[in-house]
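Student: Take this structure, written in structure tokens, and hold onto it; I'll ask about it next.
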Amino acid sequence: MKSVVRVGSLKIGANNPVVVKGMIKSSFDDRAGLIKEAKALEKEGCQILRIAIEKKQDAQIIDILKSRINIPVEADIHFDYRLAILSLEKGVDCLRLNPLNINKLKQIRQVVALAKDKDIPIRVGVNSGGFKGKRSEDLLVSSMAKEIFSYIKIMENLKFKKIMVSAKAPSARVTLKVNQLLYKKLDYPIHLGLTATGPFYEGLIKSSITLGILLYQGIGSALRVSLNSSSLEEVKAAKVILQSLGLGFFYPEIISCPTCSRCKVDLRAKVEKFKKILNSNSNNSYNKKVKIALMGCPVNGPGEASSADIGIAFGKNYGVLFKEGRPIKRIGHKLYSKVLLDSLK
Ligand code: SF4
């Protein structure tokens, strides 16, 4: 049985829902911007907020964030174990330590002792970028796993078991292999992610493939999508990946066809407009577990529209509204969003 770790009030691991994590990208020099970003991430559905603590003063933000948001805060620490100690003293809910740059036994002992005292979990997180020189895929996988295993051994010898692990690489294959290995060998919850995924479009596809495969195999208890984009886009992408696999519900699902020469309406514009309307709905009153189909013609349109909860198959002059599999009525093209929203109420 895989172990469960608590971060704040969240349970991570075993059969608990996969947790969506987000990372602050604002500079610590822009404190107002940073807090704004944290609040926006919480509103978007981020469940654990990760912040990079690089120097002593950065740790001041922990108190402030804890009073302004209601989700747990994870402090990401590299090189200086004293920042981990300070973050724990400031009340952080979780630590991330990098075994490649905080590895002196005496220092690990001090951090673990305080984490144990405060009952705070530690994520042991290795990135492939921490290894110098060119390595083969398999050597990189075994090197990353070896670092994690030996760090965990130290922690277990100190009778500390509130552990999570992560192993990330820019390579889909390396990330897949190393996480499969961690899952096979360890009982601790795995935080999934890739790192340095490249330009947005490529990163999104690479993340979807890699994280999708692992999640489908039952691997991964927490998820952070790393993109060359805003932190909000990362959280949105994580939600789409989870919902696509049936591992959570976060937004009404829109099914729409790719269009072809049979399509006689500007379906792309209609889909985008409708998505914007749903997203801009501030009180989330349309945020129901529904499938909404927007289809481009009467060929495949009625089939898909009727398999969704509600849908419209657009023809040249009008669309047909379907509800729970049955055609309800004809509607004018311009009325489609109003009719769909009314049906969602
Ligand atoms: S539903 Fe109609 S318009 Fe859309 S792709 Fe299929 S055949 Fe083409």
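Letters for chains follow the order of the structure tokens (A, B, ...), residue numbers begin at 1 for each chain, and ligand numbers begin at 1 in the order shown.
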When you look at range 305-311 of chain A with a cut-off of 10 Å (counting only C-alpha atoms), what residues show up, excluding the ones that are within fewer than 5 positions of it in the same chain? I need them as a ChimeraX atom specification.
Tutor: /A:253-256,289-295,298,300,319-328,336,339-340,343-344
Student: Selection from above, N, CA, C and O atoms, as a compact mmCIF listing (two decimals), in the first residue's frame, can you write it?
Tutor:
# COMPACT_ATOMS: atom_id res chain seq x y z
N GLU A 253 -17.02 20.46 -19.87
CA GLU A 253 -16.21 19.99 -21.00
C GLU A 253 -16.87 20.36 -22.33
O GLU A 253 -18.05 20.05 -22.54
N ILE A 254 -16.13 20.99 -23.19
CA ILE A 254 -16.67 21.32 -24.52
C ILE A 254 -16.11 20.32 -25.53
O ILE A 254 -14.90 20.14 -25.65
N ILE A 255 -17.03 19.68 -26.24
CA ILE A 255 -16.62 18.78 -27.33
C ILE A 255 -16.91 19.54 -28.62
O ILE A 255 -18.03 20.04 -28.80
N SER A 256 -15.94 19.66 -29.48
CA SER A 256 -16.25 20.30 -30.76
C SER A 256 -15.46 19.61 -31.86
O SER A 256 -14.37 19.09 -31.62
N LYS A 289 -20.74 19.56 -13.87
CA LYS A 289 -20.12 18.41 -14.53
C LYS A 289 -20.94 18.07 -15.77
O LYS A 289 -21.79 17.16 -15.74
N VAL A 290 -20.75 18.81 -16.82
CA VAL A 290 -21.51 18.57 -18.05
C VAL A 290 -20.58 18.51 -19.26
O VAL A 290 -19.50 19.09 -19.26
N LYS A 291 -21.07 17.81 -20.28
CA LYS A 291 -20.40 17.80 -21.58
C LYS A 291 -21.26 18.59 -22.53
O LYS A 291 -22.46 18.33 -22.66
N ILE A 292 -20.64 19.55 -23.19
CA ILE A 292 -21.38 20.40 -24.12
C ILE A 292 -20.76 20.21 -25.51
O ILE A 292 -19.56 20.42 -25.68
N ALA A 293 -21.57 19.83 -26.47
CA ALA A 293 -21.04 19.59 -27.82
C ALA A 293 -21.37 20.75 -28.74
O ALA A 293 -22.53 21.22 -28.78
N LEU A 294 -20.38 21.23 -29.46
CA LEU A 294 -20.60 22.24 -30.50
C LEU A 294 -20.07 21.63 -31.79
O LEU A 294 -18.85 21.50 -31.97
N MET A 295 -20.96 21.23 -32.68
CA MET A 295 -20.57 20.46 -33.86
C MET A 295 -20.87 21.22 -35.14
O MET A 295 -21.85 21.97 -35.23
N PRO A 298 -24.51 18.65 -39.95
CA PRO A 298 -25.49 17.61 -39.60
C PRO A 298 -25.00 16.19 -39.89
O PRO A 298 -25.76 15.25 -39.72
N ASN A 300 -21.82 14.35 -38.68
CA ASN A 300 -21.50 13.72 -37.38
C ASN A 300 -22.05 14.52 -36.22
O ASN A 300 -22.04 14.06 -35.08
N GLY A 319 -29.19 25.78 -36.19
CA GLY A 319 -28.60 24.65 -35.47
C GLY A 319 -29.71 23.86 -34.80
O GLY A 319 -30.82 24.37 -34.61
N VAL A 320 -29.41 22.62 -34.46
CA VAL A 320 -30.40 21.83 -33.73
C VAL A 320 -29.87 21.58 -32.32
O VAL A 320 -28.74 21.10 -32.14
N LEU A 321 -30.66 21.95 -31.34
CA LEU A 321 -30.28 21.76 -29.94
C LEU A 321 -30.64 20.34 -29.50
O LEU A 321 -31.76 19.86 -29.74
N PHE A 322 -29.65 19.68 -28.88
CA PHE A 322 -29.88 18.33 -28.33
C PHE A 322 -29.75 18.40 -26.81
O PHE A 322 -28.88 19.08 -26.28
N LYS A 323 -30.59 17.69 -26.13
CA LYS A 323 -30.50 17.60 -24.67
C LYS A 323 -30.68 16.16 -24.28
O LYS A 323 -31.65 15.52 -24.71
N GLU A 324 -29.71 15.66 -23.51
CA GLU A 324 -29.75 14.26 -23.07
C GLU A 324 -30.10 13.30 -24.21
O GLU A 324 -30.97 12.42 -24.08
N GLY A 325 -29.50 13.55 -25.36
CA GLY A 325 -29.64 12.62 -26.47
C GLY A 325 -30.82 12.87 -27.39
O GLY A 325 -30.97 12.18 -28.40
N ARG A 326 -31.66 13.84 -27.06
CA ARG A 326 -32.84 14.04 -27.91
C ARG A 326 -32.82 15.42 -28.57
O ARG A 326 -32.47 16.41 -27.92
N PRO A 327 -33.21 15.50 -29.86
CA PRO A 327 -33.31 16.83 -30.49
C PRO A 327 -34.46 17.60 -29.84
O PRO A 327 -35.55 17.06 -29.67
N ILE A 328 -34.16 18.85 -29.48
CA ILE A 328 -35.18 19.63 -28.77
C ILE A 328 -35.84 20.65 -29.70
O ILE A 328 -37.05 20.72 -29.84
N TYR A 336 -26.99 30.76 -30.12
CA TYR A 336 -26.49 29.49 -29.58
C TYR A 336 -25.97 29.57 -28.14
O TYR A 336 -26.27 28.72 -27.31
N VAL A 339 -28.84 30.06 -25.60
CA VAL A 339 -29.64 28.84 -25.45
C VAL A 339 -28.87 27.81 -24.61
O VAL A 339 -29.43 27.17 -23.71
N LEU A 340 -27.57 27.68 -24.87
CA LEU A 340 -26.77 26.71 -24.10
C LEU A 340 -26.68 27.11 -22.63
O LEU A 340 -26.83 26.28 -21.73
N SER A 343 -29.77 26.44 -20.83
CA SER A 343 -29.93 25.00 -20.56
C SER A 343 -29.07 24.54 -19.39
O SER A 343 -29.36 23.53 -18.77
N LEU A 344 -27.98 25.30 -19.12
CA LEU A 344 -27.09 24.90 -18.02
C LEU A 344 -27.60 25.35 -16.65
O LEU A 344 -27.12 24.88 -15.62
Student: Residues at most 7 Å from ligand 1, using only C-alpha atoms and all ligand atoms? Could they come as a list in words?
Tutor: Cys257, Pro258, Thr259, Cys260, Ser261, Arg262, Cys263, Met295, Gly296, Cys297, Pro298, Val299, Asn300 and Gly301 of chain A
Student: Store the residues of this selection in a file with N, CA and C atoms, as an mmCIF file, in the first residue's frame.
Tutor:
data_model
loop_
_atom_site.group_PDB
_atom_site.id
_atom_site.type_symbol
_atom_site.label_atom_id
_atom_site.label_comp_id
_atom_site.auth_asym_id
_atom_site.auth_seq_id
_atom_site.Cartn_x
_atom_site.Cartn_y
_atom_site.Cartn_z
ATOM 1 N N CYS A 257 -16.009 19.604 -33.031
ATOM 2 C CA CYS A 257 -15.359 18.884 -34.121
ATOM 3 C C CYS A 257 -14.244 19.741 -34.722
ATOM 4 N N PRO A 258 -13.314 19.133 -35.462
ATOM 5 C CA PRO A 258 -12.198 19.913 -36.031
ATOM 6 C C PRO A 258 -12.647 20.809 -37.196
ATOM 7 N N THR A 259 -13.852 20.593 -37.673
ATOM 8 C CA THR A 259 -14.450 21.187 -38.893
ATOM 9 C C THR A 259 -13.796 20.601 -40.155
ATOM 10 N N CYS A 260 -14.548 20.636 -41.206
ATOM 11 C CA CYS A 260 -14.048 20.242 -42.526
ATOM 12 C C CYS A 260 -14.847 21.031 -43.556
ATOM 13 N N SER A 261 -14.716 20.689 -44.800
ATOM 14 C CA SER A 261 -15.387 21.515 -45.811
ATOM 15 C C SER A 261 -16.910 21.425 -45.729
ATOM 16 N N ARG A 262 -17.427 20.499 -44.963
ATOM 17 C CA ARG A 262 -18.887 20.441 -44.809
ATOM 18 C C ARG A 262 -19.417 21.532 -43.872
ATOM 19 N N CYS A 263 -18.515 22.076 -43.053
ATOM 20 C CA CYS A 263 -18.943 23.045 -42.040
ATOM 21 C C CYS A 263 -19.306 24.381 -42.695
ATOM 22 N N MET A 295 -20.965 21.231 -32.684
ATOM 23 C CA MET A 295 -20.570 20.458 -33.862
ATOM 24 C C MET A 295 -20.870 21.218 -35.143
ATOM 25 N N GLY A 296 -20.013 20.984 -36.150
ATOM 26 C CA GLY A 296 -20.012 21.829 -37.335
ATOM 27 C C GLY A 296 -21.002 21.504 -38.438
ATOM 28 N N CYS A 297 -21.651 20.337 -38.406
ATOM 29 C CA CYS A 297 -22.570 20.038 -39.508
ATOM 30 C C CYS A 297 -23.529 18.916 -39.124
ATOM 31 N N PRO A 298 -24.509 18.655 -39.955
ATOM 32 C CA PRO A 298 -25.490 17.614 -39.599
ATOM 33 C C PRO A 298 -24.996 16.186 -39.894
ATOM 34 N N VAL A 299 -23.706 16.007 -40.348
ATOM 35 C CA VAL A 299 -23.248 14.652 -40.659
ATOM 36 C C VAL A 299 -22.913 13.891 -39.368
ATOM 37 N N ASN A 300 -21.822 14.347 -38.677
ATOM 38 C CA ASN A 300 -21.498 13.722 -37.385
ATOM 39 C C ASN A 300 -22.049 14.516 -36.220
ATOM 40 N N GLY A 301 -22.488 15.722 -36.522
ATOM 41 C CA GLY A 301 -22.957 16.627 -35.463
ATOM 42 C C GLY A 301 -24.017 16.018 -34.563
#
Student: Counting only C-alpha atoms, what is within 8 Å of Val19 in chain A, bar same-chain residues fewer than 3 positions away, as a VMD selection string?
Tutor: chain A and resid 12 47 to 48 221 to 223
Student: If we count only C-alpha atoms, what is near range 88-91 of chain A at a cut-off of 8 Å, once residues fewer than 6 positions away on the same chain are taken out, given as a list in words?
Tutor: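 Close residues of range 88-91 of chain A: Ala59, Gln60, Ile62, Asp63, Leu114, Ala115, Lys118 and Ile120 of chain A.
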Student: Please write the residues from the selection above to a file, keeping N, CA and C atoms, as a PDB file, in the first residue's frame.
Tutor:
ATOM      1  N   ALA A  59      12.114  34.490   2.904  1.00  0.00           N
ATOM      2  CA  ALA A  59      11.281  33.682   3.807  1.00  0.00           C
ATOM      3  C   ALA A  59      10.209  34.520   4.503  1.00  0.00           C
ATOM      4  N   GLN A  60      10.402  35.863   4.506  1.00  0.00           N
ATOM      5  CA  GLN A  60       9.378  36.738   5.128  1.00  0.00           C
ATOM      6  C   GLN A  60       8.027  36.557   4.446  1.00  0.00           C
ATOM      7  N   ILE A  62       6.519  34.007   3.610  1.00  0.00           N
ATOM      8  CA  ILE A  62       5.732  32.835   4.044  1.00  0.00           C
ATOM      9  C   ILE A  62       4.590  33.262   4.976  1.00  0.00           C
ATOM     10  N   ASP A  63       4.922  34.076   5.991  1.00  0.00           N
ATOM     11  CA  ASP A  63       3.881  34.577   6.923  1.00  0.00           C
ATOM     12  C   ASP A  63       2.795  35.301   6.155  1.00  0.00           C
ATOM     13  N   LEU A 114      13.979  19.345  12.587  1.00  0.00           N
ATOM     14  CA  LEU A 114      12.972  20.400  12.754  1.00  0.00           C
ATOM     15  C   LEU A 114      11.669  20.036  12.017  1.00  0.00           C
ATOM     16  N   ALA A 115      11.806  19.455  10.833  1.00  0.00           N
ATOM     17  CA  ALA A 115      10.604  19.050  10.075  1.00  0.00           C
ATOM     18  C   ALA A 115       9.813  18.010  10.881  1.00  0.00           C
ATOM     19  N   LYS A 118       8.025  19.692  13.704  1.00  0.00           N
ATOM     20  CA  LYS A 118       6.869  20.483  13.262  1.00  0.00           C
ATOM     21  C   LYS A 118       5.882  19.650  12.447  1.00  0.00           C
ATOM     22  N   ILE A 120       6.176  18.389   9.411  1.00  0.00           N
ATOM     23  CA  ILE A 120       6.100  18.942   8.050  1.00  0.00           C
ATOM     24  C   ILE A 120       6.789  17.982   7.077  1.00  0.00           C
TER      25      ILE A 120
END
Student: Mind checking which residues fall within 9 Å of Ala14 in chain A, counting only C-alpha atoms, ignoring those fewer than 2 positions away in the same chain, and posting them as number ranges by chain?
Tutor: A: 1-4, 12, 16-17, 187-189, 221
Student: Any chance you can output those residues with all heavy atoms as a CSV table (one decimal), in the first residue's frame?
Tutor:
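Result file again_32.csv:
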chain,number,residue,atom,x,y,z
A,1,MET,N,0.8,-1.2,0.0
A,1,MET,CA,0.0,0.0,0.0
A,1,MET,C,0.9,1.3,0.0
A,1,MET,O,1.8,1.4,0.8
A,1,MET,CB,-0.9,0.0,1.3
A,1,MET,CG,-1.8,1.2,1.4
A,1,MET,SD,-3.1,1.1,0.1
A,1,MET,CE,-4.1,2.6,0.6
A,2,LYS,N,0.6,2.2,-0.9
A,2,LYS,CA,1.4,3.4,-1.0
A,2,LYS,C,1.0,4.3,0.2
A,2,LYS,O,-0.1,4.3,0.7
A,2,LYS,CB,1.1,4.1,-2.3
A,2,LYS,CG,1.4,3.3,-3.5
A,2,LYS,CD,2.9,3.2,-3.8
A,2,LYS,CE,3.2,2.4,-4.9
A,2,LYS,NZ,4.7,2.1,-5.1
A,3,SER,N,2.0,5.0,0.7
A,3,SER,CA,1.8,5.8,1.9
A,3,SER,C,1.1,7.2,1.5
A,3,SER,O,1.1,7.6,0.4
A,3,SER,CB,3.1,6.1,2.6
A,3,SER,OG,4.0,6.8,1.8
A,4,VAL,N,0.6,7.8,2.6
A,4,VAL,CA,-0.1,9.0,2.4
A,4,VAL,C,0.6,10.1,3.2
A,4,VAL,O,1.0,9.8,4.4
A,4,VAL,CB,-1.6,8.9,2.9
A,4,VAL,CG1,-2.3,10.3,2.8
A,4,VAL,CG2,-2.4,7.9,2.0
A,12,ILE,N,-2.1,13.5,0.4
A,12,ILE,CA,-1.5,13.2,-0.8
A,12,ILE,C,-0.9,11.8,-0.9
A,12,ILE,O,-0.2,11.3,0.0
A,12,ILE,CB,-0.3,14.2,-1.1
A,12,ILE,CG1,-0.8,15.6,-1.1
A,12,ILE,CG2,0.4,13.9,-2.4
A,12,ILE,CD1,0.2,16.6,-1.3
A,16,ASN,N,-6.0,9.0,-2.8
A,16,ASN,CA,-6.5,10.4,-2.8
A,16,ASN,C,-6.4,11.0,-4.1
A,16,ASN,O,-5.5,10.7,-4.9
A,16,ASN,CB,-5.7,11.2,-1.7
A,16,ASN,CG,-6.0,10.7,-0.3
A,16,ASN,OD1,-7.1,10.8,0.2
A,16,ASN,ND2,-5.0,10.0,0.3
A,17,PRO,N,-7.3,12.0,-4.4
A,17,PRO,CA,-7.2,12.7,-5.7
A,17,PRO,C,-5.8,13.3,-6.0
A,17,PRO,O,-5.2,13.8,-5.0
A,17,PRO,CB,-8.3,13.8,-5.6
A,17,PRO,CG,-9.2,13.3,-4.5
A,17,PRO,CD,-8.3,12.5,-3.6
A,187,ASP,N,7.3,3.5,-1.7
A,187,ASP,CA,5.9,3.6,-1.3
A,187,ASP,C,5.5,5.1,-1.2
A,187,ASP,O,4.3,5.4,-1.0
A,187,ASP,CB,5.6,2.9,0.0
A,187,ASP,CG,5.6,1.4,-0.1
A,187,ASP,OD1,5.3,1.0,-1.2
A,187,ASP,OD2,5.9,0.7,0.8
A,188,TYR,N,6.4,6.0,-1.3
A,188,TYR,CA,6.1,7.4,-1.0
A,188,TYR,C,5.4,8.1,-2.2
A,188,TYR,O,5.6,7.7,-3.4
A,188,TYR,CB,7.4,8.2,-0.7
A,188,TYR,CG,8.2,7.7,0.5
A,188,TYR,CD1,9.4,7.1,0.4
A,188,TYR,CD2,7.6,7.8,1.7
A,188,TYR,CE1,10.1,6.6,1.5
A,188,TYR,CE2,8.2,7.3,2.9
A,188,TYR,CZ,9.5,6.7,2.7
A,188,TYR,OH,10.1,6.2,3.8
A,189,PRO,N,4.6,9.1,-1.9
A,189,PRO,CA,3.9,9.8,-3.0
A,189,PRO,C,4.8,10.4,-4.0
A,189,PRO,O,5.8,11.0,-3.5
A,189,PRO,CB,3.0,10.8,-2.3
A,189,PRO,CG,3.0,10.4,-0.8
A,189,PRO,CD,4.2,9.6,-0.6
A,221,SER,N,0.9,11.4,-7.5
A,221,SER,CA,-0.1,11.9,-6.5
A,221,SER,C,-0.3,13.4,-6.5
A,221,SER,O,-1.2,13.9,-5.9
A,221,SER,CB,0.3,11.4,-5.1
A,221,SER,OG,0.5,10.0,-5.1
Student: Quick one: everything within 12 Å of Ala32 in chain A, counting only C-alpha atoms, minus sequence neighbours fewer than 5 positions away in the same chain. Send it as a list in words.
Tutor: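 Within the cut-off, the hits are Ser26, Ser27, Glu37, Ala38, Lys39, Ile61, Ile64, Leu65 and Arg68 of chain A.
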Student: Select from range 80-262 of chain A everything DSSP, run on the backbone, classes as alpha helix (DSSP H), then give the selection as JSON, numbers by chain.
Tutor: {"A": [81, 82, 83, 84, 85, 86, 87, 88, 89, 105, 106, 107, 108, 109, 110, 111, 112, 113, 114, 115, 116, 117, 118, 137, 138, 139, 140, 141, 142, 143, 144, 145, 146, 147, 148, 149, 150, 151, 152, 153, 154, 155, 156, 157, 172, 173, 174, 175, 176, 177, 178, 179, 180, 181, 182, 183, 184, 185, 200, 201, 202, 203, 204, 205, 206, 207, 208, 209, 210, 211, 212, 213, 214, 215, 216, 231, 232, 233, 234, 235, 236, 237, 238, 239, 240, 241, 242, 243, 244]}
Student: Work out how far apart CA of Val20 in chain A and CA of Gly45 in chain A are and give it in Å to one decimal.
Tutor: 7.4 Å
Student: Using Å and a single decimal, report how far CA of His191 in chain A sits from CA of Ala238 in chain A.
Tutor: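 So the answer is 12.4 Å.
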Student: Could you tell me which of A:Glu233, A:Arg173, A:Gln217, A:Cys46 comes closest to Tyr201 in chain A if we count only C-alpha atoms?
Tutor: A:Glu233
